[in-house]
Each structure stands twice: as C-alpha cells, then as structure tokens.
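S.K.: Input structure: protein.cif, which contains mmCIF, C-alpha atoms.
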data_query
#
loop_
_atom_site.label_atom_id
_atom_site.label_comp_id
_atom_site.auth_asym_id
_atom_site.auth_seq_id
_atom_site.Cartn_x
_atom_site.Cartn_y
_atom_site.Cartn_z
CA MET A 142 38.66 -26.05 32.20
CA ARG A 143 39.29 -29.78 31.80
CA THR A 144 35.60 -30.23 31.07
CA ILE A 145 35.17 -27.28 28.72
CA TYR A 146 38.40 -27.51 26.73
CA PRO A 147 37.65 -30.82 24.92
CA GLN A 148 34.29 -29.46 23.84
CA ILE A 149 35.74 -26.18 22.56
CA SER A 150 38.65 -27.85 20.76
CA ALA A 151 36.25 -30.31 19.13
CA GLU A 152 34.19 -27.41 17.77
CA GLN A 153 36.96 -24.92 16.98
CA GLY A 154 40.04 -27.06 16.37
CA VAL A 155 43.33 -26.79 18.24
CA CYS A 156 43.07 -24.11 20.94
CA TYR A 157 45.53 -22.55 23.33
CA VAL A 158 44.77 -21.67 26.92
CA GLN A 159 46.06 -18.26 27.96
CA ASP A 160 46.36 -17.09 31.54
CA PHE A 161 44.26 -14.10 32.55
CA VAL A 162 46.48 -11.24 33.68
CA PRO A 163 44.74 -8.72 35.95
CA PRO A 164 44.76 -5.12 34.72
CA GLY A 165 47.28 -2.65 36.07
CA GLY A 166 50.53 -3.80 34.47
CA MET A 167 52.40 -1.88 31.79
CA GLN A 168 52.10 -3.30 28.29
CA TYR A 169 55.27 -3.58 26.21
CA LYS A 170 56.02 -4.27 22.59
CA VAL A 171 59.19 -5.76 21.16
CA ASP A 172 60.09 -5.31 17.51
CA MET A 173 62.99 -7.44 16.38
CA LEU A 174 64.74 -8.29 13.13
CA VAL A 175 66.76 -11.50 12.88
CA ASP A 176 68.72 -13.10 10.06
CA ASP A 177 68.40 -16.68 8.85
CA GLY A 178 70.62 -17.80 11.72
CA GLN A 179 68.32 -16.13 14.26
CA ARG A 180 70.98 -13.57 15.09
CA ALA A 181 69.40 -10.32 16.19
CA LEU A 182 70.13 -7.52 13.72
CA ALA A 183 68.00 -4.96 15.55
CA GLY A 184 65.59 -4.90 18.44
CA VAL A 185 63.70 -2.38 20.52
CA VAL A 186 61.39 -2.48 23.54
CA TYR A 187 58.81 0.23 24.09
CA GLY A 188 55.98 0.71 26.55
CA LYS A 189 52.41 1.46 25.53
CA THR A 190 51.41 4.53 27.50
CA ARG A 191 48.24 5.32 25.60
CA MET A 192 46.19 3.13 23.28
CA TYR A 193 43.21 3.40 20.99
CA PRO A 194 40.68 2.23 21.96
CA PRO A 195 41.77 3.37 25.45
CA ASP A 196 40.91 0.07 27.11
CA GLY A 197 43.16 -1.89 24.76
CA GLY A 198 44.33 -1.46 21.20
CA SER A 199 47.08 -0.03 19.03
CA SER A 200 49.48 2.25 20.87
CA VAL A 201 49.37 5.95 20.10
CA LEU A 202 51.93 7.12 22.68
CA ASN A 203 55.00 5.02 23.46
CA PHE A 204 58.28 5.35 25.30
CA SER A 205 61.55 3.50 24.84
CA ALA A 206 62.02 1.01 27.65
CA ASP A 207 65.19 -0.49 29.09
CA ARG A 208 63.96 -4.07 29.47
CA PRO A 209 66.78 -6.44 28.45
CA ASP A 210 64.85 -9.31 30.03
CA ILE A 211 61.99 -8.90 27.57
CA LEU A 212 64.36 -8.39 24.65
CA ASP A 213 66.33 -11.53 25.49
CA LEU A 214 63.17 -13.59 25.97
CA SER A 215 61.92 -12.50 22.55
CA ARG A 216 65.20 -13.42 20.88
CA ARG A 217 65.24 -16.87 22.50
CA MET A 218 61.70 -17.53 21.28
CA LEU A 219 62.72 -16.64 17.73
CA VAL A 220 65.64 -19.06 18.00
CA GLU A 221 63.26 -21.86 19.04
CA LEU A 222 60.89 -20.98 16.20
CA LYS A 223 63.78 -20.80 13.69
CA TRP A 224 62.39 -17.43 12.69
CA THR A 225 63.78 -15.26 9.89
CA GLY A 226 62.95 -11.61 9.37
CA PHE A 227 60.83 -9.16 11.34
CA CYS A 228 58.66 -10.07 14.31
CA ASP A 229 56.46 -8.14 16.73
CA PHE A 230 55.78 -9.22 20.33
CA ASP A 231 53.25 -8.04 22.89
CA PHE A 232 53.99 -8.40 26.61
CA VAL A 233 52.27 -7.23 29.76
CA ASP A 234 53.66 -6.94 33.27
CA ASP A 235 51.70 -9.18 35.61
CA PRO A 236 50.95 -7.08 38.73
CA ARG A 237 50.81 -10.27 40.79
CA ASP A 238 54.50 -11.08 40.39
CA ASN A 239 55.89 -8.18 38.27
CA VAL A 240 56.94 -10.64 35.57
CA ALA A 241 56.36 -9.79 31.90
CA LYS A 242 53.96 -12.27 30.30
CA LEU A 243 53.74 -12.91 26.57
CA MET A 244 50.38 -12.06 25.02
CA GLU A 245 50.99 -12.65 21.33
CA ILE A 246 53.47 -12.72 18.46
CA ASN A 247 52.76 -11.05 15.12
CA PRO A 248 54.71 -11.79 11.92
CA ARG A 249 54.11 -8.23 10.69
CA PHE A 250 54.75 -4.60 11.46
CA PRO A 251 52.53 -3.29 14.29
CA GLU A 252 49.65 -0.97 13.56
CA SER A 253 51.35 1.73 15.63
CA PHE A 254 53.94 2.06 12.85
CA ASN A 255 51.24 3.87 10.89
CA ASN A 256 50.96 6.54 13.58
CA ASN A 257 53.93 8.52 12.33
CA PHE A 258 54.53 12.19 13.03
CA SER A 259 53.31 13.70 9.77
CA SER A 260 53.85 17.11 8.22
CA THR A 261 50.37 18.04 9.45
CA ASP A 262 51.36 17.16 13.02
CA PHE A 263 54.47 19.30 12.65
CA ALA A 264 52.40 22.23 11.36
CA ILE A 265 49.95 21.91 14.27
CA SER A 266 52.80 21.73 16.79
CA PHE A 267 54.43 24.77 15.22
CA PHE A 268 51.10 26.63 15.29
CA TYR A 269 50.56 25.88 18.99
CA ASN A 270 54.05 27.09 19.88
CA PHE A 271 53.62 30.21 17.75
CA MET A 272 50.30 31.01 19.43
CA LEU A 273 51.83 30.51 22.88
CA TRP A 274 54.58 33.05 22.26
CA LEU A 275 52.24 35.41 20.37
CA ALA A 276 49.77 35.37 23.26
CA THR A 277 52.57 36.02 25.76
CA ALA A 278 53.89 38.93 23.67
CA TRP A 279 50.39 40.38 23.38
CA ILE A 280 49.84 40.10 27.14
CA PHE A 281 53.10 41.96 27.67
CA HIS A 282 52.09 44.62 25.15
CA LEU A 283 48.87 45.27 27.08
CA ALA A 284 50.25 44.93 30.60
CA HIS A 285 53.67 46.58 30.54
CA PRO A 286 52.42 50.18 31.07
CA ASN A 287 51.08 49.09 34.46
CA VAL A 288 54.16 47.09 35.46
CA LYS A 289 56.96 48.79 37.36
CA GLY A 290 60.60 48.64 36.34
CA GLY A 291 62.65 48.74 33.19
CA PHE A 292 61.61 46.83 30.11
CA ILE A 293 63.72 43.79 30.92
CA LEU A 294 62.32 43.63 34.45
CA LYS A 295 58.78 44.17 33.15
CA SER A 296 59.28 41.43 30.61
CA LEU A 297 60.60 39.03 33.24
CA LYS A 298 57.57 39.69 35.44
CA VAL A 299 55.00 39.15 32.67
CA TYR A 300 56.76 36.18 31.10
CA GLY A 301 57.29 34.76 34.57
CA LEU A 302 53.54 34.70 35.21
CA THR A 303 52.98 33.07 31.82
CA CYS A 304 55.65 30.51 32.64
CA LEU A 305 53.90 29.68 35.93
CA PHE A 306 50.66 29.10 34.03
CA PHE A 307 52.46 26.81 31.58
CA LEU A 308 54.14 24.88 34.40
CA SER A 309 50.84 24.46 36.24
CA LEU A 310 49.11 23.18 33.11
CA THR A 311 51.98 20.79 32.39
CA ALA A 312 51.85 19.45 35.95
CA VAL A 313 48.13 18.75 35.59
CA TYR A 314 48.72 16.81 32.37
CA MET A 315 51.67 14.97 33.91
CA ASN A 316 49.54 13.58 36.72
CA HIS A 317 47.31 11.82 34.18
CA PHE A 318 50.13 9.54 33.04
CA ASN A 319 52.21 6.82 34.64
CA ASP A 320 55.75 7.15 35.95
CA ALA A 321 57.32 6.11 32.66
CA VAL A 322 56.02 9.17 30.80
CA GLN A 323 56.27 11.74 33.56
CA PRO A 324 59.96 12.50 32.81
CA PHE A 325 58.85 13.86 29.42
CA TYR A 326 56.72 16.47 31.18
CA LEU A 327 59.44 17.17 33.73
CA TYR A 328 61.88 17.90 30.91
CA SER A 329 59.26 20.14 29.30
CA MET A 330 58.97 22.06 32.56
CA LEU A 331 62.75 22.36 32.83
CA ASP A 332 62.87 23.56 29.24
CA ALA A 333 60.26 26.21 30.07
CA LEU A 334 62.23 27.40 33.11
CA ILE A 335 65.23 27.99 30.84
CA LEU A 336 63.46 29.27 27.74
CA PHE A 337 60.94 31.70 29.24
CA PRO A 338 63.57 33.89 30.98
CA LEU A 339 65.73 33.95 27.84
CA VAL A 340 62.80 35.02 25.67
CA ALA A 341 61.76 37.54 28.33
CA VAL A 342 65.18 39.20 28.28
CA ALA A 343 65.18 39.24 24.47
CA ASN A 344 61.70 40.76 24.50
CA GLY A 345 62.81 43.40 27.00
CA LEU A 346 65.68 44.40 24.73
CA ILE A 347 63.81 44.36 21.43
CA TYR A 348 60.39 45.70 22.41
CA PRO A 349 61.44 49.34 23.11
CA LYS A 350 63.09 49.50 19.68
CA LEU A 351 60.04 48.15 17.86
CA PHE A 352 57.41 50.15 19.75
CA LYS A 353 59.04 53.47 20.55
CA ALA A 354 55.66 55.16 20.98
CA ASN A 355 54.86 52.85 23.89
CA HIS A 356 58.20 53.41 25.59
CA ARG A 357 57.63 54.29 29.23
#
Spell out the structure here as structure tokens.
M.R.:
Amino acid sequence: MRTIYPQISAEQGVCYVQDFVPPGGMQYKVDMLVDDGQRALAGVVYGKTRMYPPDGGSSVLNFSADRPDILDLSRRMLVELKWTGFCDFDFVDDPRDNVAKLMEINPRFPESFNNNFSSTDFAISFFYNFMLWLATAWIFHLAHPNVKGGFILKSLKVYGLTCLFFLSLTAVYMNHFNDAVQPFYLYSMLDALILFPLVAVANGLIYPKLFKANHR
C-alpha cells in the first residue's frame, strides 16, 4: 500500500484508503436532520434486508433498528463537520469484531426513498388478499358436502387446512431472511392463527343463509 498509494494519488488526486470489510455483516443506514447548531432534529437507523442489485445496492426492504451507537456516532460526525441539514450515512457491521464501520456519507436523500408504497402496490396487495379469501371460500364451497359436522365445524376444518398451508408457505419464506426480518413473518403467522378461525366461524354462520340449496 505504501508503494502503490503515492502512484495512485499522483494520477487521481487526493485518495482515501478504506478498510475491506468481509461480507456477512448487516448493512445499516442512518438518516439525520440537524439544525445550524448541529442539534439533531430527527434521526432514524434502519437495516438493509434486501437490496437491488442483490449483491449490493439501494435497499428495497428495510427494518427499523435500535442502534443508538450508530445514531450517536453519526451525530458526532456531523458536529465535527459543522453540518447543517439532511445527511445520509451507510454503515456495515464488521463480522470480525461486530463493530459498525462507516462506508460513506451522502449529502442527499437515499435512493431507497423513491421506493415508496404506491397506490399500485396497495391494489396488488388488496388483490392478493382478496384472491386468498376467495380461493378459501371456493374450496369450502366444493368440499363442505363431504365434510362431517355442522357448518361452523365444517368451515373450521376447511379453513384450518388452508391456514396450515399459509403458515407453511410463510415459514418457508421466513427462512430466506435474517433474524431481523423474521419477526415480521412470525407476526404474520400469529395474525393468521387469529384471523382464519374468526373468518371460518363467520363463514359457517353466513354460508347456509346465502346458499340454502346447498344446505346439508
């Protein structure tokens, strides 16, 4: 490095040497707003769970992170820089010592701010949920004549099987992500365990009134 650096700096100008951090550590971003006295007006830390391109780029799936150490380090750097306004930091946890290392500072809003949940995303999400419940209702409509019990019990059996399928699929997806995101899927599974039985009971009460010809 001592031999190469003078040559590179002579060709490229002033250069900075950055330590190579081995892969495996979680990447974090800090977005902070400070006034002209470098007092923090707002600040947030979030982890980059998924990025595009996948091997490194703008985050497309983040989670709020409780990392006061990173937040405080960012604020102290802004004090030293006599910064005013918004600033964006990139950190990565070094797997060798589990210490967050600064990668870069950007005097702008991050590209991930453009990845907002749009009306199209809402429509797609609504469509997927609608299709899930429609498919479950259709399965019940076809299967209930061959299921024993009253309509509420039949509904609980059919919706229970659908719930198991949903939980299994969610568990498969959950295992593709790190520990920081897994609680999201766990809460989704808990939500399903509560919601499916409630919808099943409602279906068992309403179905006989809507389809009297199929009442058995």
S.K.: Please provide the set of residues having any atom within 12 Å of Pro164 of chain A, restricted to all atoms listed in the file, with same-chain residues fewer than 6 positions apart removed, written as JSON, numbers by chain.
M.R.: {"A": [196, 197, 233, 234, 235, 236, 237]}
S.K.: Find the residues around Gly345 of chain A up to 7 Å (only C-alpha atoms counted), leave out those fewer than 4 positions away in its own chain, and share them as a count of residues only.
M.R.: 4
S.K.: Using atom CA of Asp213 of chain A and atom CA of Pro251 of chain A as the two end points, give the distance in Å to one decimal.
M.R.: 19.6 Å
S.K.: I'd like the neighbourhood of segment 216-222 of chain A as a list in words, where a residue qualifies if any of its atoms comes within 9 Å (using only C-alpha atoms), though same-chain residues fewer than 6 positions away should be ignored.
M.R.: Met173, Val175, Gly178, Gln179, Arg180, Ala181, Gly184 and Cys228 of chain A
S.K.: Of the candidates A:Cys304, A:Lys295, A:Asp229, A:Met272, which one gets nearest to Val342 of chain A if we count all atoms listed in the file?
M.R.: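 For Val342 of chain A, the nearest of the candidates is A:Lys295.
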S.K.: Using only C-alpha atoms, can you tell me which of A:Leu297, A:Lys242, A:Gly290, A:Arg249 comes closest to Pro163 of chain A?
M.R.: A:Lys242
S.K.: So which residues are close to (55.5, 41.5, 36.4), meaning at most 8 Å away in the file's coordinates with only C-alpha atoms counted, and can you show them as a list in words?
M.R.: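 Every polymer residue passing the test: His285, Val288, Lys289, Leu294, Lys295, Ser296, Leu297, Lys298, Val299, Tyr300, Gly301 and Leu302 of chain A.
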S.K.: I need every residue sitting at most 12 Å from the point (53.8, 39.9, 22.5) (coordinates as in the file, all atoms listed in the file considered), written as a ChimeraX atom specification.
M.R.: /A:271-285,296,299-300,303,340-341,343-345,347-348,351-352
S.K.: Between atom CA of Ile335 of chain A and atom CA of Tyr269 of chain A, what is the distance in Å, rounded to a tenth?
M.R.: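 Atom CA of Tyr269 of chain A lies at a distance of 19.0 Å from atom CA of Ile335 of chain A.
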